[in-house]
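Note: the block below is target26.pdb and it holds PDB, C-alpha atoms.
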```pdb
ATOM      1  CA  MET A 599     163.692 241.020 129.823  1.00  0.00           C
ATOM      2  CA  PRO A 600     162.128 240.183 126.439  1.00  0.00           C
ATOM      3  CA  ASP A 601     164.173 240.633 123.309  1.00  0.00           C
ATOM      4  CA  VAL A 602     164.488 244.341 122.665  1.00  0.00           C
ATOM      5  CA  THR A 603     166.341 245.463 119.578  1.00  0.00           C
ATOM      6  CA  PHE A 604     167.903 248.872 119.272  1.00  0.00           C
ATOM      7  CA  THR A 605     168.479 250.908 116.144  1.00  0.00           C
ATOM      8  CA  THR A 606     171.694 252.833 115.580  1.00  0.00           C
ATOM      9  CA  GLU A 607     169.810 255.979 116.616  1.00  0.00           C
ATOM     10  CA  THR A 608     168.586 254.508 119.917  1.00  0.00           C
ATOM     11  CA  MET A 609     172.051 253.140 120.731  1.00  0.00           C
ATOM     12  CA  GLN A 610     173.501 256.630 120.157  1.00  0.00           C
ATOM     13  CA  PHE A 611     170.798 258.148 122.391  1.00  0.00           C
ATOM     14  CA  ILE A 612     171.550 255.616 125.161  1.00  0.00           C
ATOM     15  CA  ALA A 613     175.291 256.311 124.968  1.00  0.00           C
ATOM     16  CA  LEU A 614     174.685 260.072 125.107  1.00  0.00           C
ATOM     17  CA  PHE A 615     172.200 259.720 127.969  1.00  0.00           C
ATOM     18  CA  GLU A 616     174.503 257.506 130.067  1.00  0.00           C
ATOM     19  CA  LYS A 617     177.546 259.717 129.437  1.00  0.00           C
ATOM     20  CA  THR A 618     175.645 262.896 130.311  1.00  0.00           C
ATOM     21  CA  THR A 619     173.734 261.645 133.364  1.00  0.00           C
ATOM     22  CA  GLY A 620     175.765 258.748 134.758  1.00  0.00           C
ATOM     23  CA  ALA A 621     172.517 256.756 135.010  1.00  0.00           C
ATOM     24  CA  HIS A 622     172.177 253.301 133.432  1.00  0.00           C
ATOM     25  CA  ALA A 623     169.525 253.184 130.669  1.00  0.00           C
ATOM     26  CA  LYS A 624     167.820 249.793 130.309  1.00  0.00           C
ATOM     27  CA  ASP A 625     165.756 250.876 127.302  1.00  0.00           C
ATOM     28  CA  CYS A 626     165.224 253.737 124.880  1.00  0.00           C
ATOM     29  CA  LEU A 627     162.025 254.252 122.925  1.00  0.00           C
ATOM     30  CA  VAL A 628     161.778 256.881 120.179  1.00  0.00           C
ATOM     31  CA  LEU A 629     158.146 257.887 119.664  1.00  0.00           C
ATOM     32  CA  ASP A 630     156.548 259.394 116.566  1.00  0.00           C
ATOM     33  CA  ASP A 631     155.642 262.636 118.314  1.00  0.00           C
ATOM     34  CA  GLU A 632     159.293 263.641 118.789  1.00  0.00           C
ATOM     35  CA  ARG A 633     159.611 262.181 122.294  1.00  0.00           C
ATOM     36  CA  VAL A 634     162.430 259.953 123.518  1.00  0.00           C
ATOM     37  CA  VAL A 635     161.690 257.756 126.521  1.00  0.00           C
ATOM     38  CA  PHE A 636     164.494 256.277 128.623  1.00  0.00           C
ATOM     39  CA  VAL A 637     163.876 253.484 131.120  1.00  0.00           C
ATOM     40  CA  VAL A 638     166.532 253.717 133.824  1.00  0.00           C
ATOM     41  CA  LYS A 639     167.744 251.122 136.291  1.00  0.00           C
ATOM     42  CA  SER A 640     165.897 251.091 139.603  1.00  0.00           C
ATOM     43  CA  GLY A 641     167.470 253.681 141.889  1.00  0.00           C
ATOM     44  CA  ASP A 642     168.983 255.770 139.068  1.00  0.00           C
ATOM     45  CA  MET A 643     166.096 258.232 138.686  1.00  0.00           C
ATOM     46  CA  GLY A 644     167.720 260.998 140.772  1.00  0.00           C
ATOM     47  CA  LEU A 645     170.997 260.581 138.910  1.00  0.00           C
ATOM     48  CA  ALA A 646     169.185 260.781 135.555  1.00  0.00           C
ATOM     49  CA  ILE A 647     167.333 263.981 136.465  1.00  0.00           C
ATOM     50  CA  GLY A 648     170.220 265.688 138.252  1.00  0.00           C
ATOM     51  CA  LYS A 649     170.139 268.633 140.632  1.00  0.00           C
ATOM     52  CA  ASN A 650     167.251 270.922 139.638  1.00  0.00           C
ATOM     53  CA  GLY A 651     166.815 268.871 136.443  1.00  0.00           C
ATOM     54  CA  SER A 652     170.236 269.824 135.085  1.00  0.00           C
ATOM     55  CA  ASN A 653     171.090 266.405 133.605  1.00  0.00           C
ATOM     56  CA  ILE A 654     167.761 265.843 131.902  1.00  0.00           C
ATOM     57  CA  ASN A 655     167.795 269.394 130.510  1.00  0.00           C
ATOM     58  CA  ARG A 656     171.266 268.822 129.007  1.00  0.00           C
ATOM     59  CA  VAL A 657     170.056 265.588 127.357  1.00  0.00           C
ATOM     60  CA  ASN A 658     166.982 267.452 126.033  1.00  0.00           C
ATOM     61  CA  LYS A 659     169.200 270.063 124.376  1.00  0.00           C
ATOM     62  CA  GLN A 660     171.687 267.526 122.983  1.00  0.00           C
ATOM     63  CA  ILE A 661     169.003 265.295 121.467  1.00  0.00           C
ATOM     64  CA  GLY A 662     166.728 268.137 120.404  1.00  0.00           C
ATOM     65  CA  ARG A 663     163.580 266.271 121.443  1.00  0.00           C
ATOM     66  CA  HIS A 664     161.449 266.048 124.569  1.00  0.00           C
ATOM     67  CA  VAL A 665     162.976 263.458 126.903  1.00  0.00           C
ATOM     68  CA  GLU A 666     161.053 261.376 129.445  1.00  0.00           C
ATOM     69  CA  VAL A 667     162.675 259.208 132.094  1.00  0.00           C
ATOM     70  CA  ILE A 668     160.923 256.240 133.720  1.00  0.00           C
ATOM     71  CA  GLU A 669     162.312 254.158 136.571  1.00  0.00           C
ATOM     72  CA  TYR A 670     162.309 250.405 135.959  1.00  0.00           C
ATOM     73  CA  SER A 671     160.937 247.930 138.483  1.00  0.00           C
ATOM     74  CA  GLU A 672     161.026 244.116 138.506  1.00  0.00           C
ATOM     75  CA  ASP A 673     157.460 244.268 139.860  1.00  0.00           C
ATOM     76  CA  PRO A 674     155.106 244.788 136.868  1.00  0.00           C
ATOM     77  CA  LYS A 675     152.554 246.646 139.025  1.00  0.00           C
ATOM     78  CA  GLU A 676     155.178 249.109 140.263  1.00  0.00           C
ATOM     79  CA  PHE A 677     156.589 249.522 136.743  1.00  0.00           C
ATOM     80  CA  ILE A 678     153.133 250.343 135.357  1.00  0.00           C
ATOM     81  CA  LYS A 679     152.631 252.884 138.151  1.00  0.00           C
ATOM     82  CA  ASN A 680     155.936 254.482 137.133  1.00  0.00           C
ATOM     83  CA  LEU A 681     154.900 254.480 133.457  1.00  0.00           C
ATOM     84  CA  PHE A 682     151.747 256.477 134.190  1.00  0.00           C
ATOM     85  CA  GLN A 683     153.534 259.241 136.148  1.00  0.00           C
ATOM     86  CA  PRO A 684     152.459 261.996 136.807  1.00  0.00           C
ATOM     87  CA  ALA A 685     148.903 260.545 136.670  1.00  0.00           C
ATOM     88  CA  ALA A 686     147.795 259.138 140.038  1.00  0.00           C
ATOM     89  CA  VAL A 687     147.403 255.351 139.879  1.00  0.00           C
ATOM     90  CA  LYS A 688     145.054 254.055 142.585  1.00  0.00           C
ATOM     91  CA  GLY A 689     145.784 250.389 141.940  1.00  0.00           C
ATOM     92  CA  THR A 690     146.928 247.819 139.406  1.00  0.00           C
ATOM     93  CA  ALA A 691     145.929 244.195 138.889  1.00  0.00           C
ATOM     94  CA  ILE A 692     147.507 241.689 136.521  1.00  0.00           C
ATOM     95  CA  SER A 693     145.110 239.084 135.183  1.00  0.00           C
ATOM     96  CA  THR A 694     145.344 236.284 132.672  1.00  0.00           C
ATOM     97  CA  ARG A 695     142.602 236.076 130.081  1.00  0.00           C
ATOM     98  CA  GLY A 696     143.147 232.936 128.072  1.00  0.00           C
ATOM     99  CA  ASP A 697     146.766 233.127 126.974  1.00  0.00           C
ATOM    100  CA  ARG A 698     146.946 236.919 127.358  1.00  0.00           C
ATOM    101  CA  ARG A 699     148.377 238.801 130.358  1.00  0.00           C
ATOM    102  CA  VAL A 700     146.493 242.044 130.935  1.00  0.00           C
ATOM    103  CA  ALA A 701     147.147 244.853 133.403  1.00  0.00           C
ATOM    104  CA  ILE A 702     144.020 246.574 134.690  1.00  0.00           C
ATOM    105  CA  VAL A 703     144.845 250.014 136.061  1.00  0.00           C
ATOM    106  CA  ASP A 704     142.678 252.220 138.285  1.00  0.00           C
ATOM    107  CA  VAL A 705     143.488 255.869 137.632  1.00  0.00           C
ATOM    108  CA  ALA A 706     142.029 258.824 139.526  1.00  0.00           C
ATOM    109  CA  ALA A 707     139.111 260.233 137.523  1.00  0.00           C
ATOM    110  CA  LYS A 708     140.764 263.659 137.320  1.00  0.00           C
ATOM    111  CA  ASP A 709     143.886 262.076 135.773  1.00  0.00           C
ATOM    112  CA  LYS A 710     142.221 259.820 133.194  1.00  0.00           C
ATOM    113  CA  GLY A 711     142.850 262.264 130.332  1.00  0.00           C
ATOM    114  CA  LEU A 712     146.475 262.616 131.391  1.00  0.00           C
ATOM    115  CA  ALA A 713     146.881 258.831 131.551  1.00  0.00           C
ATOM    116  CA  ILE A 714     145.510 258.371 128.027  1.00  0.00           C
ATOM    117  CA  GLY A 715     147.198 261.430 126.526  1.00  0.00           C
ATOM    118  CA  LYS A 716     146.430 263.403 123.406  1.00  0.00           C
ATOM    119  CA  ASN A 717     145.309 260.972 120.672  1.00  0.00           C
ATOM    120  CA  GLY A 718     146.163 258.093 123.055  1.00  0.00           C
ATOM    121  CA  ARG A 719     149.902 258.733 122.920  1.00  0.00           C
ATOM    122  CA  ASN A 720     150.564 258.056 126.634  1.00  0.00           C
ATOM    123  CA  ILE A 721     148.633 254.784 126.784  1.00  0.00           C
ATOM    124  CA  LYS A 722     150.435 253.599 123.613  1.00  0.00           C
ATOM    125  CA  LYS A 723     153.781 254.302 125.316  1.00  0.00           C
ATOM    126  CA  VAL A 724     152.648 252.404 128.438  1.00  0.00           C
ATOM    127  CA  LYS A 725     151.467 249.396 126.403  1.00  0.00           C
ATOM    128  CA  THR A 726     154.698 249.248 124.384  1.00  0.00           C
ATOM    129  CA  LEU A 727     156.985 249.396 127.427  1.00  0.00           C
ATOM    130  CA  ALA A 728     154.832 246.992 129.481  1.00  0.00           C
ATOM    131  CA  GLN A 729     155.088 244.482 126.623  1.00  0.00           C
ATOM    132  CA  ARG A 730     158.841 244.966 126.215  1.00  0.00           C
ATOM    133  CA  HIS A 731     159.711 244.588 129.888  1.00  0.00           C
ATOM    134  CA  HIS A 732     157.026 242.382 131.451  1.00  0.00           C
ATOM    135  CA  LYS A 733     155.415 240.592 128.483  1.00  0.00           C
ATOM    136  CA  LEU A 734     152.020 242.139 129.185  1.00  0.00           C
ATOM    137  CA  ASP A 735     149.731 241.859 126.170  1.00  0.00           C
ATOM    138  CA  ASP A 736     147.515 244.809 127.074  1.00  0.00           C
ATOM    139  CA  VAL A 737     147.031 247.615 129.588  1.00  0.00           C
ATOM    140  CA  VAL A 738     143.453 248.692 130.303  1.00  0.00           C
ATOM    141  CA  ILE A 739     142.366 251.763 132.238  1.00  0.00           C
ATOM    142  CA  ASN A 740     139.468 250.904 134.523  1.00  0.00           C
ATOM    143  CA  ASN A 741     136.568 253.359 134.585  1.00  0.00           C
ATOM    144  CA  GLN A 742     136.435 255.034 138.009  1.00  0.00           C
ATOM    145  CA  LYS A 743     133.750 257.385 139.235  1.00  0.00           C
TER
END
```
Give the structure from this file in structure tokens form.
Amino acid sequence: MPDVTFTTETMQFIALFEKTTGAHAKDCLVLDDERVVFVVKSGDMGLAIGKNGSNINRVNKQIGRHVEVIEYSEDPKEFIKNLFQPAAVKGTAISTRGDRRVAIVDVAAKDKGLAIGKNGRNIKKVKTLAQRHHKLDDVVINNQK
């Protein structure tokens, strides 16, 4: 994993998240729009959410911000698919353009707005986490008809 530095705030969020859910958090990203994104170890998604969402709801209340949980994968294509949830990803290709690694993602036409998000907030999150975990320089949504 590339060098990821945590602030005191993100370290506190990770400790709280792990204590509350029992899931292992690989990363924590605090976004400008009052969202906190946790990347959990592969296989820990159910543990993080809890029965009927009980764990994630407790973390939401304790942090006081909207919390998102994403399952990590060693496979960059699978990880990108997880990052775009709940948008339906039809396929992902990783290509090298010069010295840049770029992920090209096919998203269902009906989910394109969801994948990009209001003011591009979802695609920014995807690009940041793809860079941090798989050293991808860019993530591009392919135009589908």
Would you tabulate, counting all atoms listed in the file, all residues of range 609-688 of chain A that have an atom at most 9 Å from an atom of range 725-738 of chain A, showing the closest pair of atoms and their distance in Å to one decimal, sorted by chain then ascending number, as JSON lines?
```
{"residue": "A:Asp625", "atom": "CA", "partner": "A:Leu727", "partner_atom": "CA", "distance": 8.9}
{"residue": "A:Leu627", "atom": "CA", "partner": "A:Leu727", "partner_atom": "CA", "distance": 8.3}
{"residue": "A:Val637", "atom": "CA", "partner": "A:Leu727", "partner_atom": "CA", "distance": 8.8}
{"residue": "A:Tyr670", "atom": "CA", "partner": "A:His731", "partner_atom": "CA", "distance": 8.8}
{"residue": "A:Glu672", "atom": "CA", "partner": "A:His732", "partner_atom": "CA", "distance": 8.3}
{"residue": "A:Asp673", "atom": "CA", "partner": "A:His732", "partner_atom": "CA", "distance": 8.6}
{"residue": "A:Pro674", "atom": "CA", "partner": "A:His732", "partner_atom": "CA", "distance": 6.2}
{"residue": "A:Phe677", "atom": "CA", "partner": "A:Ala728", "partner_atom": "CA", "distance": 7.9}
{"residue": "A:Ile678", "atom": "CA", "partner": "A:Ala728", "partner_atom": "CA", "distance": 7.0}
{"residue": "A:Leu681", "atom": "CA", "partner": "A:Leu727", "partner_atom": "CA", "distance": 8.2}
```
Once you add 8 Å to each side, what are the centre and edge lengths of the axis-aligned box holding all listed atoms of range 682-685 of chain A? One decimal in Å, as JSON, if you can.
```
{"center_x": 151.2, "center_y": 259.2, "center_z": 135.5, "size_x": 20.6, "size_y": 21.5, "size_z": 18.6}
```
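For Lys688 in chain A, the residues within 12 Å (counting only C-alpha atoms, excluding itself and residues fewer than 3 positions away along the chain) are Lys675, Glu676, Ile678, Lys679, Phe682, Gln683, Ala685, Ala691, Ile702, Val703, Asp704, Val705, Ala706, Ala707, Lys708, Asp709, Lys710, Ile739, Asn740, Asn741 and Gln742 of chain A.
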Legend entry - Pick from A:His664, A:Lys659, A:Lys649, A:Lys639, whichever lies nearest to His622 in chain A using only C-alpha atoms: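 Of A:His664, A:Lys659, A:Lys649, A:Lys639, the one nearest His622 in chain A, counting only C-alpha atoms, is A:Lys639.
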Inset, instruction - List the residues matched by the PyMOL selection byres ((chain A and resi 615) around 12) in the displayed structure as number ranges by chain, ordered by chain and then by residue number. - result: A: 608-614, 616-626, 634-638, 645-647, 653-661, 665-667
Written file, previous selection with C-alpha atoms, as a CSV table (one decimal), keeping the file's coordinate frame:
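This is the output file selection.csv:
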```
chain,number,residue,atom,x,y,z
A,608,THR,CA,168.6,254.5,119.9
A,609,MET,CA,172.1,253.1,120.7
A,610,GLN,CA,173.5,256.6,120.2
A,611,PHE,CA,170.8,258.1,122.4
A,612,ILE,CA,171.6,255.6,125.2
A,613,ALA,CA,175.3,256.3,125.0
A,614,LEU,CA,174.7,260.1,125.1
A,616,GLU,CA,174.5,257.5,130.1
A,617,LYS,CA,177.5,259.7,129.4
A,618,THR,CA,175.6,262.9,130.3
A,619,THR,CA,173.7,261.6,133.4
A,620,GLY,CA,175.8,258.7,134.8
A,621,ALA,CA,172.5,256.8,135.0
A,622,HIS,CA,172.2,253.3,133.4
A,623,ALA,CA,169.5,253.2,130.7
A,624,LYS,CA,167.8,249.8,130.3
A,625,ASP,CA,165.8,250.9,127.3
A,626,CYS,CA,165.2,253.7,124.9
A,634,VAL,CA,162.4,260.0,123.5
A,635,VAL,CA,161.7,257.8,126.5
A,636,PHE,CA,164.5,256.3,128.6
A,637,VAL,CA,163.9,253.5,131.1
A,638,VAL,CA,166.5,253.7,133.8
A,645,LEU,CA,171.0,260.6,138.9
A,646,ALA,CA,169.2,260.8,135.6
A,647,ILE,CA,167.3,264.0,136.5
A,653,ASN,CA,171.1,266.4,133.6
A,654,ILE,CA,167.8,265.8,131.9
A,655,ASN,CA,167.8,269.4,130.5
A,656,ARG,CA,171.3,268.8,129.0
A,657,VAL,CA,170.1,265.6,127.4
A,658,ASN,CA,167.0,267.5,126.0
A,659,LYS,CA,169.2,270.1,124.4
A,660,GLN,CA,171.7,267.5,123.0
A,661,ILE,CA,169.0,265.3,121.5
A,665,VAL,CA,163.0,263.5,126.9
A,666,GLU,CA,161.1,261.4,129.4
A,667,VAL,CA,162.7,259.2,132.1
```
Have range 689-701 of chain A completed to N, CA, C and O atoms, please, and pass it along as a PDB file, in the coordinates of the input.
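Once written, part19.pdb looks like this:
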```
ATOM      1  N   GLY A 689     145.500 251.812 141.777  1.00  0.00           N
ATOM      2  CA  GLY A 689     145.784 250.389 141.940  1.00  0.00           C
ATOM      3  C   GLY A 689     145.995 249.725 140.593  1.00  0.00           C
ATOM      4  O   GLY A 689     145.564 250.237 139.557  1.00  0.00           O
ATOM      5  N   THR A 690     146.658 248.573 140.625  1.00  0.00           N
ATOM      6  CA  THR A 690     146.928 247.819 139.406  1.00  0.00           C
ATOM      7  C   THR A 690     146.736 246.342 139.699  1.00  0.00           C
ATOM      8  O   THR A 690     147.169 245.856 140.742  1.00  0.00           O
ATOM      9  N   ALA A 691     146.092 245.647 138.775  1.00  0.00           N
ATOM     10  CA  ALA A 691     145.929 244.195 138.889  1.00  0.00           C
ATOM     11  C   ALA A 691     146.392 243.566 137.584  1.00  0.00           C
ATOM     12  O   ALA A 691     146.142 244.098 136.503  1.00  0.00           O
ATOM     13  N   ILE A 692     147.068 242.429 137.703  1.00  0.00           N
ATOM     14  CA  ILE A 692     147.507 241.689 136.521  1.00  0.00           C
ATOM     15  C   ILE A 692     146.634 240.440 136.447  1.00  0.00           C
ATOM     16  O   ILE A 692     146.560 239.672 137.407  1.00  0.00           O
ATOM     17  N   SER A 693     145.952 240.267 135.330  1.00  0.00           N
ATOM     18  CA  SER A 693     145.110 239.084 135.183  1.00  0.00           C
ATOM     19  C   SER A 693     145.460 238.361 133.894  1.00  0.00           C
ATOM     20  O   SER A 693     146.028 238.941 132.965  1.00  0.00           O
ATOM     21  N   THR A 694     145.119 237.088 133.856  1.00  0.00           N
ATOM     22  CA  THR A 694     145.344 236.284 132.672  1.00  0.00           C
ATOM     23  C   THR A 694     143.995 235.961 132.063  1.00  0.00           C
ATOM     24  O   THR A 694     143.126 235.392 132.728  1.00  0.00           O
ATOM     25  N   ARG A 695     143.846 236.352 130.812  1.00  0.00           N
ATOM     26  CA  ARG A 695     142.602 236.076 130.081  1.00  0.00           C
ATOM     27  C   ARG A 695     142.976 235.175 128.913  1.00  0.00           C
ATOM     28  O   ARG A 695     143.522 235.647 127.914  1.00  0.00           O
ATOM     29  N   GLY A 696     142.705 233.891 129.091  1.00  0.00           N
ATOM     30  CA  GLY A 696     143.147 232.936 128.072  1.00  0.00           C
ATOM     31  C   GLY A 696     144.654 232.849 128.123  1.00  0.00           C
ATOM     32  O   GLY A 696     145.235 232.576 129.171  1.00  0.00           O
ATOM     33  N   ASP A 697     145.301 233.144 126.999  1.00  0.00           N
ATOM     34  CA  ASP A 697     146.766 233.127 126.974  1.00  0.00           C
ATOM     35  C   ASP A 697     147.346 234.543 126.993  1.00  0.00           C
ATOM     36  O   ASP A 697     148.508 234.733 126.701  1.00  0.00           O
ATOM     37  N   ARG A 698     146.507 235.517 127.332  1.00  0.00           N
ATOM     38  CA  ARG A 698     146.946 236.919 127.358  1.00  0.00           C
ATOM     39  C   ARG A 698     147.072 237.424 128.791  1.00  0.00           C
ATOM     40  O   ARG A 698     146.206 237.180 129.610  1.00  0.00           O
ATOM     41  N   ARG A 699     148.185 238.144 129.063  1.00  0.00           N
ATOM     42  CA  ARG A 699     148.377 238.801 130.358  1.00  0.00           C
ATOM     43  C   ARG A 699     147.974 240.269 130.205  1.00  0.00           C
ATOM     44  O   ARG A 699     148.506 240.968 129.346  1.00  0.00           O
ATOM     45  N   VAL A 700     147.040 240.695 131.043  1.00  0.00           N
ATOM     46  CA  VAL A 700     146.493 242.044 130.935  1.00  0.00           C
ATOM     47  C   VAL A 700     146.636 242.765 132.275  1.00  0.00           C
ATOM     48  O   VAL A 700     146.355 242.193 133.323  1.00  0.00           O
ATOM     49  N   ALA A 701     147.084 244.006 132.212  1.00  0.00           N
ATOM     50  CA  ALA A 701     147.147 244.853 133.403  1.00  0.00           C
ATOM     51  C   ALA A 701     145.914 245.746 133.415  1.00  0.00           C
ATOM     52  O   ALA A 701     145.617 246.421 132.428  1.00  0.00           O
TER      53      ALA A 701
END
```
